[in-house]
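What follows is one structure encoded as structure tokens, with my remarks underneath.
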Amino acid sequence: MANKIALYRQFNSEMAMESSLNISEPEFSFLKDGTVTSLKTGNADRKNQYYLDDVDEGWDVTQDDLRVERTVTFSDVSRLFGADGLLGTEGEIGIAAHVYSQTSGYQDNIPFGKFNVTQKFGEFRFRKAFEPAFLKGSIKVEIYLYVSKLGQEGPFFADIIGAKLGMISSFEIIVDGDGAVFPIVEVDKPGNPLWALVVVPGVDFATDQFSADNARLELNKKHPMFKQLAEAKTRIANYLMIEILANAMTQLIFMGKEELDTLSSEDLIQGSLASAINYWIETFELEIDNFSETNSQLRLQLEETVAGE
């Protein structure tokens with residue numbers, strides 16, 4: 001797809017100052033047992049990413065909805081109209097959010113306000129609710145201005161309704177982390193081993209998501225040891241699971257190692273297999289020159305994690 005350059009005026013930092021633009025921090029909440037509970041994520045990192053995979057309020061992406069809100073205010077929206085503004089004085093500007101997620105297979109544009117030159121103060125609140133188990137990986141929100149109604153013609157004014165007049169804010173919500181969750185499924189396979197790592201043929205570690213559709217650890221319910229592994233609440237069962245998980249993670253690391261070596265940190269796609277592998281390597285400080293050594297390091301690290309819980 002060819003890049004397009006807008007030949008009309010776009011919202012800029014000077015206009016943000018003149019109109020006194022203010023954007024609140026995103027607010028996250030969920031509804032449980034009739035009560036709306038706020039989620040505290042702390043301040044966003046330098047990439048405007050908000051991590052919800054380790055919040056303390058008991059929110060579960062697979063069982064709870066997620067409500068996202070953000071408020072945009074202008075002290076004087078009239079400064080965005082006229083000769084030095086975005087539109088002629090008879091025009092109308094809309095504000096909307098582009099919400100999209102490659103990992104969840106979702107995209108939408110959500111208008112949530114309009115204003116014209118006769119207004120002064122403008123407050124607009126973006127709201128979006130996601131159903132339980134809908135979100136996977138991450139989702140991005142870009143808030144932008146667009147032409148809602150054309151004004152007088154001008155050499156630097158957009159002349160098409162719906163034309164974007166510039167993005168004013170963007171942020172990303174991380175709901176599954178980079179690789180803290182290994183997809184595990186239970187299968188019925190009589191005569192097969194207790195567990196198996198399944199990686200779909202042709203999967204692209206650089207771009208495909210780390211989900212059960214692409215790579216997963218299968219636990220065989222028909223194996224005679226399955227109940228002792230899955231249902232027993234013993235230390236032996238926990239450590240057997242650690243052995244299985246460490247072996248599966250080591251296999252996946254070495255399957256994707258060659259692909260990972262060609263990528264820089266900027267190339268890593270959030271939620272991808274390569275991103276998960278990179279997360280393990282950095283988190284557990286793994287040496288990945290030797291399969292056996294990597295496997296040993298992982299087992300020790302996972303044992304310490306379990307012992308500390």
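Identifiers in this document derive from the order of the structure tokens: chains are assigned A, B, ..., residues are numbered from 1 separately in each chain, and ligands are numbered from 1 in order of occurrence.
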
Apply DSSP to the structure's backbone, then extract all residues of stretch 54-115 of chain A labelled strand (DSSP E) and return them as number ranges by chain. A: 66-74, 92-101, 106-115

Next, dump the selected residues to file, keeping only N, CA, C and O atoms, as a compact mmCIF listing (two decimals), in the first residue's frame.
```txt
# COMPACT_ATOMS: atom_id res chain seq x y z
N LEU A 66 -13.84 -5.69 30.07
CA LEU A 66 -12.89 -4.60 30.29
C LEU A 66 -13.50 -3.33 29.75
O LEU A 66 -13.92 -3.27 28.59
N ARG A 67 -13.52 -2.29 30.59
CA ARG A 67 -14.05 -0.99 30.21
C ARG A 67 -12.91 0.02 30.16
O ARG A 67 -12.15 0.14 31.12
N VAL A 68 -12.82 0.72 29.05
CA VAL A 68 -11.74 1.68 28.83
C VAL A 68 -12.35 3.06 28.61
O VAL A 68 -13.27 3.22 27.82
N GLU A 69 -11.81 4.07 29.31
CA GLU A 69 -12.32 5.43 29.16
C GLU A 69 -11.14 6.41 29.14
O GLU A 69 -10.11 6.17 29.78
N ARG A 70 -11.31 7.49 28.39
CA ARG A 70 -10.31 8.56 28.39
C ARG A 70 -10.98 9.87 28.04
O ARG A 70 -11.80 9.92 27.12
N THR A 71 -10.65 10.94 28.76
CA THR A 71 -11.29 12.23 28.56
C THR A 71 -10.36 13.21 27.85
O THR A 71 -9.18 13.33 28.20
N VAL A 72 -10.91 13.89 26.85
CA VAL A 72 -10.18 14.92 26.10
C VAL A 72 -10.90 16.25 26.30
O VAL A 72 -12.12 16.34 26.10
N THR A 73 -10.18 17.28 26.70
CA THR A 73 -10.79 18.59 26.89
C THR A 73 -10.02 19.67 26.13
O THR A 73 -8.80 19.60 25.99
N PHE A 74 -10.77 20.66 25.63
CA PHE A 74 -10.20 21.86 25.01
C PHE A 74 -10.78 23.06 25.75
O PHE A 74 -11.99 23.14 25.97
N GLU A 92 -17.35 21.86 10.87
CA GLU A 92 -17.54 21.14 12.13
C GLU A 92 -16.49 20.03 12.21
O GLU A 92 -16.26 19.30 11.24
N ILE A 93 -15.85 19.94 13.36
CA ILE A 93 -14.80 18.94 13.57
C ILE A 93 -15.32 17.83 14.48
O ILE A 93 -15.96 18.10 15.50
N GLY A 94 -15.04 16.60 14.11
CA GLY A 94 -15.42 15.46 14.94
C GLY A 94 -14.19 14.89 15.63
O GLY A 94 -13.05 15.10 15.21
N ILE A 95 -14.43 14.18 16.72
CA ILE A 95 -13.36 13.50 17.44
C ILE A 95 -13.74 12.03 17.57
O ILE A 95 -14.90 11.70 17.86
N ALA A 96 -12.79 11.16 17.28
CA ALA A 96 -13.08 9.73 17.24
C ALA A 96 -11.86 8.94 17.69
O ALA A 96 -10.76 9.48 17.83
N ALA A 97 -12.07 7.64 17.91
CA ALA A 97 -10.98 6.75 18.29
C ALA A 97 -10.91 5.59 17.30
O ALA A 97 -11.93 4.98 16.99
N HIS A 98 -9.72 5.33 16.82
CA HIS A 98 -9.46 4.13 16.02
C HIS A 98 -8.96 3.07 16.99
O HIS A 98 -7.89 3.21 17.59
N VAL A 99 -9.75 2.02 17.17
CA VAL A 99 -9.42 0.95 18.12
C VAL A 99 -9.14 -0.31 17.32
O VAL A 99 -9.99 -0.75 16.54
N TYR A 100 -7.97 -0.89 17.50
CA TYR A 100 -7.64 -2.05 16.67
C TYR A 100 -6.69 -3.00 17.40
O TYR A 100 -5.90 -2.59 18.26
N SER A 101 -6.78 -4.27 17.03
CA SER A 101 -5.93 -5.29 17.62
C SER A 101 -5.73 -6.42 16.63
O SER A 101 -6.68 -7.10 16.25
N TYR A 106 -9.65 -7.45 15.68
CA TYR A 106 -10.69 -6.43 15.87
C TYR A 106 -10.21 -5.08 15.36
O TYR A 106 -9.05 -4.71 15.50
N GLN A 107 -11.14 -4.32 14.78
CA GLN A 107 -10.86 -2.96 14.34
C GLN A 107 -12.16 -2.18 14.27
O GLN A 107 -13.17 -2.68 13.78
N ASP A 108 -12.13 -0.94 14.76
CA ASP A 108 -13.33 -0.11 14.71
C ASP A 108 -12.94 1.35 14.84
O ASP A 108 -11.91 1.69 15.43
N ASN A 109 -13.76 2.23 14.28
CA ASN A 109 -13.63 3.68 14.47
C ASN A 109 -14.85 4.14 15.25
O ASN A 109 -15.99 3.92 14.82
N ILE A 110 -14.61 4.79 16.40
CA ILE A 110 -15.70 5.13 17.32
C ILE A 110 -15.76 6.64 17.50
O ILE A 110 -14.95 7.23 18.23
N PRO A 111 -16.71 7.34 16.83
CA PRO A 111 -16.88 8.78 17.05
C PRO A 111 -17.44 9.02 18.46
O PRO A 111 -18.29 8.28 18.94
N PHE A 112 -16.97 10.10 19.12
CA PHE A 112 -17.52 10.38 20.45
C PHE A 112 -17.63 11.88 20.73
O PHE A 112 -17.70 12.31 21.88
N GLY A 113 -17.72 12.69 19.66
CA GLY A 113 -17.96 14.10 19.89
C GLY A 113 -17.79 14.94 18.64
O GLY A 113 -17.16 14.50 17.67
N LYS A 114 -18.41 16.14 18.64
CA LYS A 114 -18.29 17.10 17.54
C LYS A 114 -18.26 18.50 18.15
O LYS A 114 -18.82 18.74 19.22
N PHE A 115 -17.62 19.43 17.41
CA PHE A 115 -17.64 20.81 17.89
C PHE A 115 -17.48 21.77 16.72
O PHE A 115 -17.01 21.40 15.64
```

Near-A:Met241 list (12 Å; only C-alpha atoms; drop same-chain fewer than 3 positions) as a PyMOL selection string: chain A and resi 184+194-195+217+219+225-226+228-238+244-248+299+302-303+306

Nearest to A:Ser264 among A:Ala206, A:Glu293, A:Glu27, A:Leu52, with distances taken over only C-alpha atoms: which residue is it? A:Ala206

Polymer residues at most 10 Å from stretch 16-18 of chain A, only C-alpha atoms, same-chain spacing of 3 or more positions, as a list of chain:residue names: A:Phe11, A:Asn12, A:Ser13, A:Leu21, A:Asn22, A:Phe74, A:Ser75, A:Asp76, A:Val77, A:Ser78, A:Arg79, A:Leu80, A:Ile168

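With only C-alpha atoms as the atoms that count, the minimum distance from A:Glu90 to the choices A:Ala276, A:Leu150, A:Val36, A:Ile143 is reached by A:Leu150.
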
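Between atom CA of A:Phe205 and atom CA of A:Leu273 the separation is 4.9 Å.
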
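All residues of protein, DNA or RNA that reach within 12 Å of stretch 285-290 of chain A, judged by only C-alpha atoms and not counting those fewer than 5 positions away in the chain, are Met249, Thr250, Gln251, Leu252, Ile253, Phe254, Met255, Gly256, Lys257, Glu258, Leu260, Asp261, Ile277, Asn278, Tyr279, Trp280, Asn295, Ser296, Gln297, Leu298, Arg299, Leu300 and Gln301 of chain A.
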
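Picture a line from atom CA of A:Pro224 to atom CA of A:Glu304; it runs 28.3 Å.
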
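With only C-alpha atoms as the atoms that count, the minimum distance from A:Ser275 to the choices A:Arg216, A:Phe130, A:Asp204, A:Leu197 is reached by A:Asp204.
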
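Atom CA of A:Ala274 is found 24.5 Å from atom CA of A:Val55.
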
Pull the helix (DSSP H, G or I) assignments for stretch 59-123 of chain A out of DSSP run on the backbone, and list those residues as a ChimeraX atom specification. /A:77-80

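You can rank A:Phe134, A:Phe126, A:Tyr8, A:Phe121 by their closest distance to A:Phe28 using only C-alpha atoms, and at the top of that list sits A:Phe126.
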
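Counting only C-alpha atoms, the residue from A:Glu218, A:Glu172, A:Asp56, A:Asp84 that sits nearest to A:Phe156 is A:Asp84.
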